[in-house]
$ cat work02.txt   # compact mmCIF, C-alpha atoms
# COMPACT_ATOMS: atom_id res chain seq x y z
CA MET A 20 0.00 0.00 0.00
CA GLN A 21 1.18 3.46 -0.90
CA MET A 22 2.21 5.80 1.93
CA LYS A 23 0.03 8.82 2.09
CA ARG A 24 0.40 12.16 3.77
CA ILE A 25 -2.88 13.20 5.38
CA ALA A 26 -3.93 16.71 6.45
CA VAL A 27 -6.80 17.20 8.89
CA SER A 28 -8.36 20.65 9.37
CA SER A 29 -7.92 21.30 13.05
CA GLU A 30 -8.65 23.72 15.85
CA GLY A 31 -5.11 23.25 17.21
CA PRO A 32 -1.75 21.62 16.55
CA LEU A 33 -2.30 18.35 18.42
CA LEU A 34 -3.91 15.01 17.65
CA ASP A 35 -6.16 15.60 20.68
CA ASP A 36 -7.50 18.85 19.21
CA MET A 37 -10.91 18.82 17.58
CA VAL A 38 -11.42 18.67 13.83
CA ASP A 39 -12.26 22.16 12.54
CA PRO A 40 -15.28 21.62 10.29
CA ARG A 41 -14.25 24.55 8.11
CA PHE A 42 -11.63 23.95 5.46
CA GLY A 43 -10.53 27.33 4.12
CA ARG A 44 -10.94 29.12 7.41
CA ALA A 45 -9.72 26.34 9.67
CA ALA A 46 -7.27 27.39 12.40
CA GLY A 47 -4.70 25.02 10.93
CA PHE A 48 -3.95 21.56 9.60
CA VAL A 49 -2.41 18.62 11.42
CA VAL A 50 -0.38 16.62 8.90
CA VAL A 51 0.24 12.94 9.60
CA GLU A 52 1.85 10.10 7.67
CA GLN A 53 -0.35 7.13 6.97
CA VAL A 54 2.19 4.87 8.62
CA GLY A 55 3.84 5.86 11.88
CA ASN A 56 3.00 8.49 14.46
CA ALA A 57 4.85 11.55 13.19
CA SER A 58 2.71 14.66 12.93
CA SER A 59 3.37 18.24 11.99
CA TYR A 60 1.21 21.36 11.92
CA ILE A 61 0.47 23.94 9.24
CA ASP A 62 -0.91 27.17 10.66
CA ASN A 63 -3.72 28.54 8.50
CA GLY A 64 -3.82 31.98 10.14
CA ALA A 65 -2.98 33.92 6.98
CA SER A 66 -5.78 32.24 5.01
CA GLN A 67 -8.25 32.76 7.84
CA VAL A 68 -8.13 36.51 7.57
CA MET A 69 -8.42 36.72 3.78
CA ALA A 70 -11.54 38.49 2.53
CA GLN A 71 -11.95 35.85 -0.14
CA GLY A 72 -10.02 32.95 -1.58
CA ALA A 73 -9.23 31.41 1.81
CA GLY A 74 -10.04 27.92 0.56
CA ILE A 75 -7.85 28.31 -2.52
CA GLN A 76 -4.97 29.60 -0.43
CA ALA A 77 -5.32 26.75 2.06
CA ALA A 78 -5.40 24.22 -0.79
CA GLN A 79 -2.25 25.75 -2.23
CA ASN A 80 -0.48 25.52 1.13
CA LEU A 81 -1.40 21.84 1.47
CA ALA A 82 -0.31 21.05 -2.09
CA ASN A 83 3.05 22.69 -1.39
CA ALA A 84 3.38 20.56 1.74
CA GLY A 85 2.99 17.40 -0.34
CA VAL A 86 -0.36 16.41 1.17
CA GLU A 87 -2.32 13.73 -0.71
CA VAL A 88 -5.47 13.38 1.43
CA VAL A 89 -7.49 16.10 3.16
CA ILE A 90 -9.97 15.37 5.94
CA SER A 91 -12.37 18.18 6.86
CA GLY A 92 -15.98 19.03 7.54
CA PHE A 93 -17.07 21.30 4.72
CA VAL A 94 -15.09 21.99 1.59
CA GLY A 95 -16.34 24.72 -0.73
CA PRO A 96 -16.51 24.38 -4.50
CA LYS A 97 -13.47 26.52 -5.26
CA ALA A 98 -11.29 24.77 -2.71
CA PHE A 99 -12.55 21.41 -3.94
CA GLN A 100 -11.62 22.29 -7.50
CA ALA A 101 -8.17 23.41 -6.38
CA LEU A 102 -7.56 20.26 -4.34
CA SER A 103 -8.74 18.06 -7.22
CA ALA A 104 -6.42 19.85 -9.64
CA ALA A 105 -3.50 19.10 -7.36
CA GLY A 106 -4.54 15.44 -7.17
CA ILE A 107 -5.47 15.68 -3.50
CA GLN A 108 -8.27 13.40 -2.30
CA VAL A 109 -10.97 15.05 -0.21
CA ILE A 110 -12.81 13.47 2.69
CA GLN A 111 -15.55 15.69 4.08
CA ASN A 112 -18.43 15.64 6.59
CA VAL A 113 -16.03 14.82 9.41
CA GLU A 114 -16.74 16.81 12.59
CA GLY A 115 -17.27 16.42 16.30
CA VAL A 116 -14.24 14.14 16.69
CA THR A 117 -10.57 14.73 17.48
CA VAL A 118 -7.92 14.82 14.79
CA GLY A 119 -6.50 11.54 16.09
CA GLN A 120 -9.91 9.84 15.93
CA ALA A 121 -10.43 11.09 12.37
CA VAL A 122 -7.06 9.71 11.30
CA GLU A 123 -7.83 6.37 12.95
CA ARG A 124 -11.13 6.14 11.10
CA PHE A 125 -9.34 6.90 7.84
CA LYS A 126 -6.72 4.22 8.47
CA ARG A 127 -9.45 1.67 9.17
CA GLY A 128 -10.96 2.53 5.80
CA GLU A 129 -14.17 3.93 7.31
CA LEU A 130 -14.05 7.22 5.42
CA THR A 131 -14.90 7.61 1.75
CA VAL A 132 -13.35 10.02 -0.69
CA ALA A 133 -15.76 12.66 -1.98
CA ASP A 134 -16.28 13.35 -5.66
CA ALA A 135 -18.08 16.68 -5.21
CA PRO A 136 -17.98 19.55 -2.72
CA ASN A 137 -20.55 19.45 0.08
CA SER A 138 -20.63 23.18 0.71
CA GLN A 139 -21.81 26.08 -1.40
CA ALA A 140 -19.87 29.19 -2.24
CA HIS A 141 -20.15 32.07 0.21
CA GLY A 142 -21.72 35.42 -0.50
CA GLY A 143 -22.71 36.67 -3.89
CA ALA A 144 -20.52 34.48 -6.05
CA GLY A 145 -22.91 31.58 -6.32
CA ARG A 146 -22.64 28.07 -7.51
CA GLY A 147 -23.88 28.96 -10.97
CA SER A 148 -20.84 30.99 -11.80
CA GLY A 149 -18.45 28.51 -10.23
CA GLN A 150 -19.58 25.49 -12.17
CA GLY A 151 -20.20 27.43 -15.32
CA SER A 152 -16.53 28.06 -15.93
CA GLY A 153 -15.30 25.93 -18.82
CA GLN A 154 -11.80 26.27 -17.51
CA GLY A 155 -12.57 24.30 -14.39
CA ARG A 156 -14.20 21.42 -16.16
CA SER A 157 -11.52 20.96 -18.77
CA GLN A 158 -8.89 20.86 -16.10
CA GLY A 159 -10.83 18.31 -14.16
CA ALA A 160 -10.89 16.09 -17.22
CA ARG A 161 -7.20 16.44 -17.87
CA ARG A 162 -6.31 15.04 -14.48
CA MET B 219 -25.26 69.35 -9.71
CA ILE B 220 -24.99 65.70 -8.82
CA PHE B 221 -26.91 64.42 -5.80
CA ALA B 222 -26.60 60.97 -4.32
CA VAL B 223 -29.45 59.58 -2.24
CA ALA B 224 -27.89 57.15 0.23
CA SER B 225 -28.85 55.42 3.47
CA GLY B 226 -26.93 53.44 5.98
CA LYS B 227 -29.85 51.07 6.26
CA GLY B 228 -32.01 49.35 3.67
CA GLY B 229 -35.73 50.01 3.55
CA THR B 230 -35.64 53.58 4.82
CA GLY B 231 -37.18 55.09 1.70
CA LYS B 232 -34.25 55.94 -0.54
CA THR B 233 -36.08 55.11 -3.73
CA THR B 234 -39.25 56.89 -2.55
CA VAL B 235 -37.20 60.04 -1.97
CA THR B 236 -35.36 59.77 -5.30
CA ALA B 237 -38.55 59.22 -7.28
CA SER B 238 -40.34 62.04 -5.48
CA LEU B 239 -37.49 64.45 -6.10
CA ALA B 240 -37.56 63.46 -9.77
CA ALA B 241 -41.26 64.26 -9.93
CA ILE B 242 -40.89 67.78 -8.55
CA TRP B 243 -37.56 68.71 -10.18
CA GLU B 244 -37.37 71.59 -12.61
CA GLY B 245 -34.86 71.68 -15.42
CA PRO B 246 -33.02 68.94 -17.26
CA LEU B 247 -32.44 65.89 -15.08
CA THR B 248 -30.77 62.51 -15.37
CA LEU B 249 -31.92 59.73 -13.04
CA VAL B 250 -29.48 57.00 -12.21
CA ASP B 251 -30.12 53.77 -10.30
CA LEU B 252 -26.77 52.65 -8.94
CA ASP B 253 -28.30 50.12 -6.57
CA VAL B 254 -27.25 47.54 -9.14
CA GLU B 255 -27.87 44.54 -6.91
CA GLU B 256 -31.54 45.38 -6.57
CA PRO B 257 -32.50 48.26 -8.83
CA ASN B 258 -36.09 49.39 -8.27
CA LEU B 259 -36.25 53.05 -9.27
CA HIS B 260 -37.58 52.02 -12.68
CA LEU B 261 -40.67 50.55 -11.02
CA PHE B 262 -41.70 54.09 -10.06
CA LEU B 263 -40.30 56.15 -12.93
CA LYS B 264 -41.44 53.67 -15.60
CA PRO B 265 -38.86 54.53 -18.23
CA GLU B 266 -39.24 53.76 -21.89
CA VAL B 267 -36.18 51.62 -22.48
CA ALA B 268 -34.19 52.63 -25.55
CA ARG B 269 -31.05 50.58 -25.11
CA GLU B 270 -29.89 47.60 -23.10
CA THR B 271 -26.22 46.68 -23.30
CA ALA B 272 -24.13 44.00 -21.64
CA ALA B 273 -21.49 45.26 -19.22
CA MET B 274 -18.32 43.22 -19.43
CA LEU B 275 -15.34 42.84 -17.13
CA GLU B 276 -11.92 42.15 -18.60
CA VAL B 277 -10.65 38.85 -17.22
CA PRO B 278 -7.60 36.83 -18.31
CA VAL B 279 -7.74 33.89 -20.70
CA HIS B 280 -5.01 31.35 -20.15
CA ASP B 281 -2.91 29.74 -22.90
CA SER B 282 -1.61 26.47 -21.45
CA GLU B 283 0.84 26.04 -24.36
CA LYS B 284 2.73 29.18 -23.45
CA CYS B 285 2.34 28.91 -19.66
CA THR B 286 5.39 27.63 -17.77
CA LEU B 287 3.54 27.52 -14.41
CA CYS B 288 6.01 30.03 -13.01
CA GLY B 289 3.29 31.27 -10.66
CA GLU B 290 4.01 34.98 -10.91
CA CYS B 291 0.36 35.74 -11.71
CA ALA B 292 -0.87 33.67 -8.77
CA THR B 293 1.52 35.43 -6.39
CA PHE B 294 0.47 38.79 -7.76
CA CYS B 295 -3.31 38.26 -7.56
CA GLN B 296 -4.55 39.33 -4.13
CA TYR B 297 -8.01 37.92 -4.83
CA LYS B 298 -6.86 34.36 -5.52
CA ALA B 299 -8.47 34.40 -8.95
CA LEU B 300 -5.40 32.56 -10.22
CA ALA B 301 -3.75 29.59 -8.52
CA ILE B 302 -1.12 27.08 -9.52
CA MET B 303 -2.11 23.66 -8.20
CA GLY B 304 0.47 21.04 -9.04
CA LYS B 305 0.76 21.02 -12.81
CA THR B 306 -2.41 22.94 -13.46
CA MET B 307 -3.14 26.57 -13.57
CA LEU B 308 -6.57 27.30 -12.12
CA PHE B 309 -8.61 30.38 -12.90
CA TYR B 310 -11.67 31.43 -10.92
CA PRO B 311 -13.39 34.04 -13.11
CA GLU B 312 -15.87 35.02 -10.39
CA MET B 313 -13.00 36.05 -8.08
CA CYS B 314 -11.37 38.30 -10.69
CA HIS B 315 -11.71 42.06 -10.18
CA GLY B 316 -10.51 42.79 -13.71
CA CYS B 317 -7.48 44.86 -12.73
CA GLY B 318 -5.46 43.47 -15.64
CA GLY B 319 -2.27 43.19 -13.58
CA CYS B 320 -1.73 39.50 -14.35
CA LEU B 321 -1.81 40.23 -18.10
CA LYS B 322 1.00 42.72 -17.68
CA ILE B 323 3.07 40.66 -15.28
CA CYS B 324 3.09 37.32 -17.16
CA PRO B 325 6.65 36.83 -18.49
CA GLU B 326 5.48 34.35 -21.17
CA SER B 327 2.50 36.40 -22.39
CA ALA B 328 0.37 33.35 -21.68
CA LEU B 329 -2.58 35.47 -20.50
CA SER B 330 -4.72 37.48 -22.88
CA PRO B 331 -7.79 39.63 -22.24
CA GLY B 332 -11.17 37.95 -22.27
CA GLY B 333 -14.59 39.04 -21.05
CA ARG B 334 -17.07 38.08 -18.38
CA GLU B 335 -20.58 39.50 -18.26
CA LEU B 336 -21.28 41.48 -15.10
CA GLY B 337 -24.81 42.50 -15.98
CA GLN B 338 -26.68 45.00 -18.08
CA ILE B 339 -26.81 48.75 -18.49
CA VAL B 340 -30.33 49.93 -19.22
CA GLU B 341 -30.92 53.37 -20.71
CA GLY B 342 -34.13 55.14 -21.53
CA GLN B 343 -36.37 58.11 -21.05
CA THR B 344 -38.86 58.88 -18.30
CA GLU B 345 -41.33 61.74 -18.14
CA PHE B 346 -38.90 63.49 -15.76
CA GLY B 347 -35.70 63.05 -17.73
CA ARG B 348 -33.12 60.58 -18.92
CA PHE B 349 -32.76 57.30 -17.07
CA VAL B 350 -29.76 54.98 -16.65
CA MET B 351 -29.52 51.92 -14.46
CA GLY B 352 -27.22 48.99 -13.91
CA ARG B 353 -28.51 45.51 -13.24
CA LEU B 354 -26.06 43.00 -11.81
CA ARG B 355 -26.25 39.42 -13.08
CA VAL B 356 -27.67 37.04 -10.47
CA GLY B 357 -24.77 35.37 -8.67
CA GLU B 358 -22.34 38.12 -9.59
CA ALA B 359 -20.43 39.73 -6.73
CA MET B 360 -18.51 42.54 -8.44
CA SER B 361 -20.84 45.49 -8.35
CA PRO B 362 -18.33 48.40 -8.39
CA PRO B 363 -17.00 47.63 -11.90
CA LEU B 364 -20.56 47.61 -13.23
CA MET B 365 -21.36 50.83 -11.36
CA GLN B 366 -18.26 52.37 -12.89
CA GLN B 367 -19.58 51.58 -16.36
CA VAL B 368 -23.01 53.00 -15.53
CA LYS B 369 -21.37 56.21 -14.33
CA GLN B 370 -19.31 56.37 -17.51
CA ARG B 371 -22.52 56.12 -19.53
CA VAL B 372 -24.10 58.91 -17.50
CA LYS B 373 -21.05 61.06 -18.11
CA GLU B 374 -21.24 60.45 -21.85
CA GLN B 375 -24.93 61.27 -21.91
CA THR B 376 -24.73 64.41 -19.84
CA SER B 377 -21.42 65.96 -20.81
CA HIS B 378 -21.75 69.00 -22.93
CA ALA B 379 -18.95 71.25 -24.06
CA GLY B 380 -18.94 74.59 -22.31
CA MET B 381 -21.10 73.53 -19.36
CA PRO B 382 -19.71 73.81 -15.83
CA ASN B 383 -18.36 70.43 -14.70
CA GLY B 384 -19.19 69.09 -18.14
CA VAL B 385 -22.64 68.25 -16.85
CA LEU B 386 -25.83 69.11 -18.66
CA GLY B 387 -28.55 69.54 -16.09
CA ASP B 388 -28.70 67.79 -12.74
CA VAL B 389 -28.12 64.16 -11.83
CA LEU B 390 -29.96 62.24 -9.11
CA ILE B 391 -28.36 58.98 -8.02
CA ASP B 392 -30.22 56.26 -6.13
CA ALA B 393 -27.34 54.67 -4.20
CA PRO B 394 -27.24 51.17 -2.72
CA PRO B 395 -27.94 50.90 1.02
CA GLY B 396 -25.20 50.39 3.56
CA VAL B 397 -21.68 51.79 3.82
CA SER B 398 -19.64 49.18 1.96
CA CYS B 399 -17.74 49.55 -1.32
CA PRO B 400 -20.82 49.82 -3.56
CA ALA B 401 -22.40 52.58 -1.45
CA MET B 402 -19.11 54.46 -1.28
CA HIS B 403 -18.69 54.10 -5.01
CA ALA B 404 -22.14 55.55 -5.65
CA VAL B 405 -21.70 58.70 -3.59
CA MET B 406 -18.08 59.60 -4.27
CA ASP B 407 -18.71 61.67 -7.39
CA ALA B 408 -21.72 63.54 -5.98
CA ASP B 409 -21.77 67.25 -5.10
CA ALA B 410 -23.97 66.49 -2.10
CA ILE B 411 -25.21 63.43 -0.23
CA LEU B 412 -28.73 62.94 1.16
CA LEU B 413 -28.85 60.44 3.96
CA VAL B 414 -32.29 58.93 4.23
CA THR B 415 -32.97 57.45 7.64
CA GLU B 416 -35.81 56.56 9.96
CA PRO B 417 -36.30 57.74 13.55
CA THR B 418 -35.73 54.40 15.26
CA PRO B 419 -32.77 52.93 17.16
CA PHE B 420 -31.98 50.76 14.11
CA GLY B 421 -32.15 53.79 11.89
CA LEU B 422 -29.88 55.76 14.20
CA TYR B 423 -27.33 52.97 14.43
CA ASP B 424 -26.94 52.66 10.67
CA PHE B 425 -27.21 56.41 10.16
CA ARG B 426 -24.19 56.89 12.42
CA LEU B 427 -22.20 54.36 10.39
CA ALA B 428 -23.14 56.19 7.21
CA VAL B 429 -22.18 59.58 8.65
CA GLU B 430 -18.83 58.20 9.78
CA ALA B 431 -18.18 56.52 6.44
CA PHE B 432 -19.19 59.43 4.21
CA SER B 433 -17.77 62.28 6.33
CA GLY B 434 -14.31 61.52 4.99
CA LEU B 435 -15.45 62.59 1.52
CA LYS B 436 -15.90 66.15 2.83
CA LYS B 437 -19.05 66.76 0.83
CA PRO B 438 -22.15 68.62 1.94
CA MET B 439 -24.40 66.09 3.62
CA GLY B 440 -27.92 66.34 5.00
CA ALA B 441 -30.39 64.03 6.68
CA VAL B 442 -33.85 63.18 5.43
CA ILE B 443 -35.82 61.62 8.25
CA ASN B 444 -38.55 59.44 6.85
CA ARG B 445 -41.60 58.00 8.66
CA VAL B 446 -41.53 60.67 11.33
CA GLY B 447 -44.00 59.66 14.03
CA ILE B 448 -42.77 56.14 14.50
CA GLY B 449 -39.86 55.62 16.86
CA ASP B 450 -38.10 58.32 18.86
CA GLN B 451 -36.03 61.52 18.80
CA GLY B 452 -32.66 59.73 18.60
CA VAL B 453 -31.77 60.68 15.03
CA ASP B 454 -32.82 64.33 15.56
CA ASP B 455 -30.69 64.53 18.72
CA TYR B 456 -27.72 62.96 16.98
CA CYS B 457 -27.98 65.40 14.07
CA ARG B 458 -28.14 68.33 16.45
CA ALA B 459 -25.14 67.07 18.42
CA THR B 460 -22.99 66.45 15.35
CA GLY B 461 -24.12 69.45 13.30
CA ILE B 462 -25.64 67.50 10.42
CA PRO B 463 -28.41 69.57 8.90
CA ILE B 464 -31.84 67.96 8.70
CA TRP B 465 -33.08 68.77 5.22
CA ALA B 466 -36.50 67.18 5.58
CA HIS B 467 -38.88 65.45 7.96
CA ILE B 468 -41.27 63.21 6.08
CA PRO B 469 -44.26 62.23 8.21
CA ASN B 470 -45.27 58.59 8.49
CA SER B 471 -48.38 58.13 6.41
CA ILE B 472 -50.48 55.14 5.55
CA LEU B 473 -51.49 56.89 2.33
CA ALA B 474 -47.86 57.18 1.30
CA ALA B 475 -47.30 53.51 2.04
CA LYS B 476 -50.32 52.59 -0.07
CA ALA B 477 -49.19 54.79 -2.96
CA TYR B 478 -45.73 53.24 -2.78
CA SER B 479 -47.10 49.73 -2.83
CA ARG B 480 -49.00 50.56 -6.03
CA GLY B 481 -45.76 51.79 -7.65
CA GLU B 482 -46.85 55.43 -7.47
CA ILE B 483 -44.66 58.40 -6.65
CA VAL B 484 -45.72 59.71 -3.24
CA ALA B 485 -44.85 63.37 -3.92
CA ARG B 486 -47.27 63.31 -6.83
CA GLU B 487 -50.08 61.57 -4.98
CA LEU B 488 -49.96 63.52 -1.74
CA PRO B 489 -49.92 67.34 -1.98
CA GLU B 490 -48.59 67.82 1.57
CA LEU B 491 -45.55 65.68 0.72
CA LYS B 492 -44.99 67.58 -2.50
CA MET B 493 -44.32 70.73 -0.47
CA ILE B 494 -41.78 68.91 1.68
CA PHE B 495 -39.89 67.62 -1.33
CA GLN B 496 -39.82 71.04 -2.95
CA GLU B 497 -38.30 72.47 0.19
CA LEU B 498 -35.86 69.56 0.35
CA LYS B 499 -34.72 70.30 -3.18
CA GLU B 500 -34.06 73.95 -2.32
CA ARG B 501 -31.98 72.92 0.67
CA MET B 502 -29.96 70.44 -1.38
CA ARG B 503 -29.17 73.06 -4.01
CA ALA B 504 -28.35 75.67 -1.40
CA ALA B 505 -25.94 73.31 0.37
CA VAL B 506 -23.98 72.76 -2.84
CA THR B 507 -23.94 76.46 -3.69
CA VAL B 508 -22.63 77.34 -0.24
CA SER B 509 -19.93 74.68 -0.34
CA ARG B 510 -18.81 75.86 -3.78
CA GLU B 511 -18.56 79.41 -2.49
CA VAL B 512 -16.55 78.25 0.50
CA GLU B 513 -14.23 76.35 -1.83
CA ARG B 514 -13.71 79.41 -4.00
CA ALA B 515 -13.10 81.71 -1.06
$ encode --input "work02.txt" --output "structure tokens"
Amino acid sequence: MQMKRIAVSSEGPLLDDMVDPRFGRAAGFVVVEQVGNASSYIDNGASQVMAQGAGIQAAQNLANAGVEVVISGFVGPKAFQALSAAGIQVIQNVEGVTVGQAVERFKRGELTVADAPNSQAHGGAGRGSGQGSGQGRSQGARR
Amino acid sequence: MIFAVASGKGGTGKTTVTASLAAIWEGPLTLVDLDVEEPNLHLFLKPEVARETAAMLEVPVHDSEKCTLCGECATFCQYKALAIMGKTMLFYPEMCHGCGGCLKICPESALSPGGRELGQIVEGQTEFGRFVMGRLRVGEAMSPPLMQQVKQRVKEQTSHAGMPNGVLGDVLIDAPPGVSCPAMHAVMDADAILLVTEPTPFGLYDFRLAVEAFSGLKKPMGAVINRVGIGDQGVDDYCRATGIPIWAHIPNSILAAKAYSRGEIVARELPELKMIFQELKERMRAAVTVSREVERA
């Protein structure tokens, strides 16, 4: 089995911290290897305060960190598109558990990879405009 | 003279005031609805539409053959409209503000100008004067670029060689509610700002925000207190304390509400309101005249 690097959106830097259900505006990401107990932390503070594009920025940070799987609560359409383009698998609808528990569930194969975002865009820029972009679709196909 | 009718709070009667002023105005007038997210002035002024044009925003088009994924555009864009994810360049057209910076910065010339429709510009004629409005596409978030294009159209329509300020006649602008970018954008070119408010704690709260936001523009500003009779004296007291002139008190009236709900202009239906609006107009004009004299002195 291939070794994967997993990022969990988190309220703090530890495995005992709770999963932050928000992706783009999560406090940070705990990064763990699929095998072993090593964990590191990516602070998401800079993305949190962005007026817009927080999800895209967070996705970029995780891609740069070599993450292959993301576990979070709600991932918006733009962030989802960005993560997909980078070949990162998305697991969503995870909340109310600690980071460590989420990772354990993933390792036991209890979590399924999503093929579509479960959260709508914020504010005025609605879903219509997001999905209507030909750019996004063609890139999805190329992957 | 250009007048912007603004309000810190929605539903205070901005459009009622704009339409009523239009109905009693004398001389050439251009009526502009810059509340592009929810334009409704046309419901009262009933313009005959002569032209409807699409308003476009210049957004980049990406050439993946030329692109080396260097990421300079993504680093440059503060709105995250461009992102490099692995081996793909992602573009989010709805995030793009159309500044054109990425086109200039790309070392490979892999980005070229394209267009995205923001909404429509509607032009026509009402019985009170020319009419221009912007209508934002549903789901679109960038209202200031559309407002900019509406203002440009107004300028083209009203500019006349040899006239002071290049403006032919007066302009009345129905501004969007609130104090955010769109509201600021609507009032910044005006000679004077009318702040429509209501005499309630909610009205006062938002009125204060509007006063604080617009004071920086250093333009003559006056309050129009609508629905007088409901609520309290809070707005009057605040105006007195801060020296903001009250240009009009419009009494709360069930007849006015009924006229409004039928799409009628209240100043035309109710003679006692007509007088108030005429007086309001005089005060607006006087405020601009005084401020111009002060500027010249």
$ residues_around --input "work02.txt" --residues "A:Gln53" --least-positions-apart "2" --cutoff "10 Å" --atoms "only C-alpha atoms" --output "VMD selection string"
chain A and resid 20 to 25 50 to 51 55 to 57 88 122 to 123 125 to 126
$ interface_residues --input "work02.txt" --of "chain B" --to "chain A" --cutoff "8 Å" --atoms "only C-alpha atoms" --output "list of chain:residue names"
B:Tyr297, B:Lys298, B:Ala299, B:Ala301, B:Ile302, B:Met303, B:Gly304, B:Lys305, B:Thr306, B:Leu308, B:Phe309, B:Tyr310, B:Pro311, B:Glu312, B:Met313, B:Gly357, B:Glu358, B:Ala359
$ atom_distance --input "work02.txt" --atom1 "atom CA of B:Val453" --atom2 "atom CA of B:Leu249"
28.1 Å
$ residues_around --input "work02.txt" --residues "B:Ser327" --least-positions-apart "3" --cutoff "9 Å" --atoms "all atoms listed in the file" --output "mmCIF file with C-alpha atoms, in the frame of the given file"
data_model
loop_
_atom_site.group_PDB
_atom_site.id
_atom_site.type_symbol
_atom_site.label_atom_id
_atom_site.label_comp_id
_atom_site.auth_asym_id
_atom_site.auth_seq_id
_atom_site.Cartn_x
_atom_site.Cartn_y
_atom_site.Cartn_z
ATOM 1 C CA ASP B 281 -2.910 29.740 -22.900
ATOM 2 C CA LYS B 284 2.730 29.180 -23.450
ATOM 3 C CA CYS B 285 2.340 28.910 -19.660
ATOM 4 C CA LEU B 321 -1.810 40.230 -18.100
ATOM 5 C CA LYS B 322 1.000 42.720 -17.680
ATOM 6 C CA ILE B 323 3.070 40.660 -15.280
ATOM 7 C CA CYS B 324 3.090 37.320 -17.160
ATOM 8 C CA SER B 330 -4.720 37.480 -22.880
#
$ residues_around --input "work02.txt" --residues "stretch 59-62 of chain A" --least-positions-apart "6" --cutoff "9 Å" --atoms "only C-alpha atoms" --output "mmCIF file with C-alpha atoms, keeping the file's coordinate frame"
data_model
loop_
_atom_site.group_PDB
_atom_site.id
_atom_site.type_symbol
_atom_site.label_atom_id
_atom_site.label_comp_id
_atom_site.auth_asym_id
_atom_site.auth_seq_id
_atom_site.Cartn_x
_atom_site.Cartn_y
_atom_site.Cartn_z
ATOM 1 C CA ALA A 26 -3.930 16.710 6.450
ATOM 2 C CA GLY A 31 -5.110 23.250 17.210
ATOM 3 C CA PRO A 32 -1.750 21.620 16.550
ATOM 4 C CA LEU A 33 -2.300 18.350 18.420
ATOM 5 C CA ALA A 45 -9.720 26.340 9.670
ATOM 6 C CA ALA A 46 -7.270 27.390 12.400
ATOM 7 C CA GLY A 47 -4.700 25.020 10.930
ATOM 8 C CA PHE A 48 -3.950 21.560 9.600
ATOM 9 C CA VAL A 49 -2.410 18.620 11.420
ATOM 10 C CA VAL A 50 -0.380 16.620 8.900
ATOM 11 C CA VAL A 51 0.240 12.940 9.600
ATOM 12 C CA ASN A 80 -0.480 25.520 1.130
ATOM 13 C CA LEU A 81 -1.400 21.840 1.470
ATOM 14 C CA ALA A 84 3.380 20.560 1.740
#
$ atom_distance --input "work02.txt" --atom1 "atom CA of A:Ser91" --atom2 "atom CA of A:Asn63"
13.6 Å
$ closest_residue --input "work02.txt" --among "B:Cys320, B:Ala431, B:Ala328, B:Met493" --to "B:Phe294" --atoms "all atoms listed in the file"
B:Cys320
$ residues_around --input "work02.txt" --residues "B:Ala505" --least-positions-apart "4" --cutoff "8 Å" --atoms "all atoms listed in the file" --output "list in words"
Ala410, Pro438, Arg501 and Ser509 of chain B
$ decode --input "work02.txt" --residues "stretch 94-101 of chain A" --atoms "N, CA, C and O atoms" --output "PDB file, in the first residue's frame"
ATOM      1  N   VAL A  94     -16.029  21.458   2.571  1.00  0.00           N
ATOM      2  CA  VAL A  94     -15.091  21.992   1.587  1.00  0.00           C
ATOM      3  C   VAL A  94     -15.906  22.681   0.495  1.00  0.00           C
ATOM      4  O   VAL A  94     -16.776  22.079  -0.121  1.00  0.00           O
ATOM      5  N   GLY A  95     -15.604  23.945   0.278  1.00  0.00           N
ATOM      6  CA  GLY A  95     -16.343  24.718  -0.727  1.00  0.00           C
ATOM      7  C   GLY A  95     -15.948  24.336  -2.142  1.00  0.00           C
ATOM      8  O   GLY A  95     -14.958  23.635  -2.351  1.00  0.00           O
ATOM      9  N   PRO A  96     -16.751  24.785  -3.111  1.00  0.00           N
ATOM     10  CA  PRO A  96     -16.515  24.383  -4.502  1.00  0.00           C
ATOM     11  C   PRO A  96     -15.166  24.837  -5.059  1.00  0.00           C
ATOM     12  O   PRO A  96     -14.536  24.100  -5.813  1.00  0.00           O
ATOM     13  N   LYS A  97     -14.735  26.031  -4.708  1.00  0.00           N
ATOM     14  CA  LYS A  97     -13.470  26.524  -5.265  1.00  0.00           C
ATOM     15  C   LYS A  97     -12.300  25.738  -4.682  1.00  0.00           C
ATOM     16  O   LYS A  97     -11.384  25.348  -5.391  1.00  0.00           O
ATOM     17  N   ALA A  98     -12.347  25.533  -3.359  1.00  0.00           N
ATOM     18  CA  ALA A  98     -11.286  24.770  -2.711  1.00  0.00           C
ATOM     19  C   ALA A  98     -11.278  23.339  -3.240  1.00  0.00           C
ATOM     20  O   ALA A  98     -10.224  22.762  -3.488  1.00  0.00           O
ATOM     21  N   PHE A  99     -12.453  22.790  -3.445  1.00  0.00           N
ATOM     22  CA  PHE A  99     -12.552  21.413  -3.940  1.00  0.00           C
ATOM     23  C   PHE A  99     -11.897  21.291  -5.312  1.00  0.00           C
ATOM     24  O   PHE A  99     -11.137  20.368  -5.585  1.00  0.00           O
ATOM     25  N   GLN A 100     -12.198  22.281  -6.152  1.00  0.00           N
ATOM     26  CA  GLN A 100     -11.622  22.288  -7.501  1.00  0.00           C
ATOM     27  C   GLN A 100     -10.096  22.375  -7.420  1.00  0.00           C
ATOM     28  O   GLN A 100      -9.380  21.692  -8.155  1.00  0.00           O
ATOM     29  N   ALA A 101      -9.619  23.232  -6.513  1.00  0.00           N
ATOM     30  CA  ALA A 101      -8.170  23.414  -6.375  1.00  0.00           C
ATOM     31  C   ALA A 101      -7.511  22.122  -5.877  1.00  0.00           C
ATOM     32  O   ALA A 101      -6.487  21.695  -6.410  1.00  0.00           O
TER      33      ALA A 101
END
